[in-house]
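**Student:** Got a structure for you, questions after.
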Amino acid sequence: MSRKLYELAAADETLLFSPYCWRTKLALAHKNLEYETIPWRFTEKDAIAFSGQGKVPVLVDGARTIHDSEIIAEYLEATYPNEPALFADPAARAITRFVKSWTEDVLHPLVARIVLPDIFVKLDPRDKAYFRDSRERAWGMTIEDINAQRPAATKALTAGLAPLRGTLKAQPFIAGTAPAYADHIIFGALQWAVLTSATPLLGEEPIIAAWMSAVLECYGL
Ligand SMILES: N[C@@H](CCC(=O)N[C@@H](CS)C(=O)NCC(=O)O)C(=O)O
């Protein structure tokens with residue numbers, strides 16, 4: 001297939017858990033575009049060196065190579081204008097920018113504090129030293145210390161999900177009556193949590209869990 005998506009994988013190559021890659025997967029599904037997944041591990045920097053950097057998602061679309069989920073979304077919107085829109089109009093694009101900031105600055109850290117130790121366990125052995133070193137430096141504490149704070153971190157996530165819970169009580173999707181890129185962004189963060197957590201994280205979040213199922217169902221995933 002001429003369209004390939006490099007996606008972060010655990011030891012089990014079917015465990016594709018990156019929040020940013022999930023945004024791109026849903027954006028591709030939204031645009032009705034088929035692709036082949038190339039599972040990629042943190043330390044396989046050489047495999048994506050052709051993209052000029054060391055992070056996924058990397059999308060290869062025929063002769064084009066694009067990296068960074070936001071740039072990929074803009075690329076898909078511009079290249080496939082006859083497929084459903086990721087951003088309904090300029091106002092939707094502007095609000096999606098806020099959704100991205102909230103997700104990355106607030107939601108991602110809330111999820112990471114819970115799942116980083118669980119991800120460490122699931123990683124390919126070749127990735128473990130790199131993950132431990134880079135994440136412990138970023139967080140200023142050991143993976144074991146992060147794990148010790150799991151009960152408090154779980155409470156903090158429940159509190160932090162209030163804006164999402166409230167929104168989904170009033171409307172079926174973040175973007176309104178159907179999912180769009182704003183949904184893909186938040187979905188990615190929570191799918192990262194669901195796929196990697198050693199304990200069920202959304203067991204007491206029926207509204208959010210139903211929205212996640214509805215998003216997947218919309219795309220036949
Ligand atoms: N701004 C980038 C962030 C991508 C990113 O951070 N990807 C992570 C996986 S979730 C990664 O590839 N990390 C490689 C590393 O930490 O070495 C995007 O939106 O695509």
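Order determines the names: the first chain of the structure tokens is A, the second B, and so forth; residues in each chain are numbered 1 upward, and ligands are numbered 1 upward as they are shown.
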Produce as an MDAnalysis selection string the set of residues near ligand 1, where near means within 7 Å with only C-alpha atoms and all ligand atoms considered.
**Tutor:** chainID A and resid 8 18:21 42 54:57 67:70
**Student:** Return as a Markdown table the residues of region 56-97 of chain A lying at most 9 Å from region 28-37 of chain A, together with the closest atom-to-atom pair for each and the distance in Å to one decimal, counting only C-alpha atoms, with rows in chain order and ascending residue number.
**Tutor:**
```
| residue | atom | partner | partner_atom | distance |
| --- | --- | --- | --- | --- |
| A:Asp61 | CA | A:Tyr35 | CA | 8.7 |
| A:Ala73 | CA | A:Leu28 | CA | 8.6 |
| A:Leu76 | CA | A:Lys31 | CA | 7.7 |
| A:Glu77 | CA | A:Lys31 | CA | 8.3 |
| A:Tyr80 | CA | A:Lys31 | CA | 7.3 |
| A:Pro81 | CA | A:Lys31 | CA | 8.9 |
| A:Asn82 | CA | A:Lys31 | CA | 8.7 |
| A:Glu83 | CA | A:Lys31 | CA | 5.2 |
| A:Pro84 | CA | A:Lys31 | CA | 5.8 |
| A:Ala85 | CA | A:Lys31 | CA | 7.6 |
| A:Leu86 | CA | A:His30 | CA | 7.4 |
```
**Student:** May I have the residues within 7 Å of region 176-185 of chain A as a compact mmCIF listing (two decimals) with C-alpha atoms, in the first residue's frame, using only C-alpha atoms and disregarding those fewer than 4 positions away in the same chain?
**Tutor:**
```txt
# COMPACT_ATOMS: atom_id res chain seq x y z
CA ARG A 23 -5.36 11.18 16.56
CA LEU A 26 -8.95 8.54 13.58
CA ALA A 27 -8.27 11.41 11.17
CA LEU A 86 -11.80 17.46 10.20
CA PHE A 87 -12.62 21.10 10.97
CA THR A 96 -9.91 22.70 18.25
CA VAL A 99 -8.91 21.40 22.81
CA LYS A 100 -5.35 20.50 21.75
CA GLN A 171 -23.97 16.80 23.32
CA PRO A 172 -22.95 13.47 21.77
CA ALA A 189 -5.40 10.73 25.26
CA VAL A 215 -16.38 7.36 18.17
```
**Student:** Give me, please, the distance in Å between CA of Phe173 (chain A) and CA of Trp211 (chain A), quoted to one decimal.
**Tutor:**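 One can read the CA of Phe173 (chain A) to CA of Trp211 (chain A) distance as 7.0 Å.
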**Student:** Let me make sure I understand: among A:Pro151, A:Gly62, A:Pro206, A:Gly52, which one has the smallest atom-to-atom distance to Lys4 (chain A) if we use only C-alpha atoms?
**Tutor:**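 Counting only C-alpha atoms, the residue closest to Lys4 (chain A) is A:Gly62.
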**Student:** I'd like the neighbourhood of Asn147 (chain A) as a list in words, where a residue qualifies if any of its atoms comes within 9 Å (using only C-alpha atoms), though same-chain residues fewer than 6 positions away should be ignored.
**Tutor:**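 With the cut-off at 9 Å, the set is Arg113, Ile114, Val115, Leu116, Pro117 and Asp118 of chain A.
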**Student:** Those same residues, written as a PDB file, in the first residue's frame with C-alpha atoms?
**Tutor:**
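Just written: selection00.pdb:
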```
ATOM      1  CA  ARG A 113       1.081  10.031  36.140  1.00  0.00           C
ATOM      2  CA  ILE A 114      -1.037   6.866  36.165  1.00  0.00           C
ATOM      3  CA  VAL A 115       0.134   4.912  33.145  1.00  0.00           C
ATOM      4  CA  LEU A 116       3.884   5.562  32.802  1.00  0.00           C
ATOM      5  CA  PRO A 117       4.733   2.637  35.133  1.00  0.00           C
ATOM      6  CA  ASP A 118       2.268   0.375  33.291  1.00  0.00           C
TER       7      ASP A 118
END
```
**Student:** Enumerate, as a ChimeraX atom specification, the complete set of residues in region 49-197 of chain A that a backbone-based DSSP assignment places in helix (DSSP H, G or I).
**Tutor:** /A:49-51,69-79,90-122,125-139,143-148,150-160,162-170,181-196
**Student:** Let me make sure I understand: among A:Ala153, A:Leu15, A:Leu5, A:Ile95, which one has the smallest atom-to-atom distance to Ile66 (chain A) if we use only C-alpha atoms?
**Tutor:** A:Leu5
**Student:** Any chance you could list, as a PyMOL selection string, the residues in chain A that come up strand (DSSP E) when DSSP is run on the backbone?
**Tutor:** chain A and resi 3-8+36-40+58-61+64-67
**Student:** For each of A:Arg3, A:His108, A:Arg126, A:Arg135, take the minimum atom-to-atom distance to Leu157 (chain A), counting only C-alpha atoms, then give the residue where this is smallest.
**Tutor:**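 Closest to Leu157 (chain A), using only C-alpha atoms: A:His108.
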**Student:** Let me make sure I understand: among A:Gly220, A:Leu202, A:Trp102, A:Ala11, which one has the smallest atom-to-atom distance to Phe120 (chain A) if we use only C-alpha atoms?
**Tutor:** A:Ala11
**Student:** Out of A:Ser213, A:Thr79, A:Ser101, A:Thr154, which residue has the shortest atom-to-atom distance to Leu201 (chain A) when counting only C-alpha atoms?
**Tutor:**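 Among the listed residues, A:Thr154 lies closest to Leu201 (chain A).
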**Student:** Have a look at CA of Glu205 (chain A) and CA of Ile143 (chain A) and let me know their distance in Å, one decimal.
**Tutor:** 26.6 Å
**Student:** May I ask for the distance between CA of Leu195 (chain A) and CA of Phe17 (chain A), given in Å to one decimal place?
**Tutor:**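 If I compute the distance from CA of Leu195 (chain A) to CA of Phe17 (chain A), I get 6.3 Å.
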**Student:** Please provide the set of residues having any atom within 8 Å of Ile119 (chain A), restricted to only C-alpha atoms, with same-chain residues fewer than 3 positions apart removed, written as a list in words.
**Tutor:** Ala10, Val115, Leu116, Lys122, Leu123, Thr196 and Ser197 of chain A
**Student:** What does the file look like for those residues with C-alpha atoms, as a compact mmCIF listing (two decimals), in the first residue's frame?
**Tutor:**
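Result went into again-v6.txt, see below:
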```txt
# COMPACT_ATOMS: atom_id res chain seq x y z
CA ALA A 10 4.74 -2.02 22.83
CA VAL A 115 0.13 4.91 33.14
CA LEU A 116 3.88 5.56 32.80
CA LYS A 122 4.57 -3.47 28.51
CA LEU A 123 7.46 -2.05 26.46
CA THR A 196 -1.95 0.77 28.81
CA SER A 197 -3.44 1.01 32.31
```
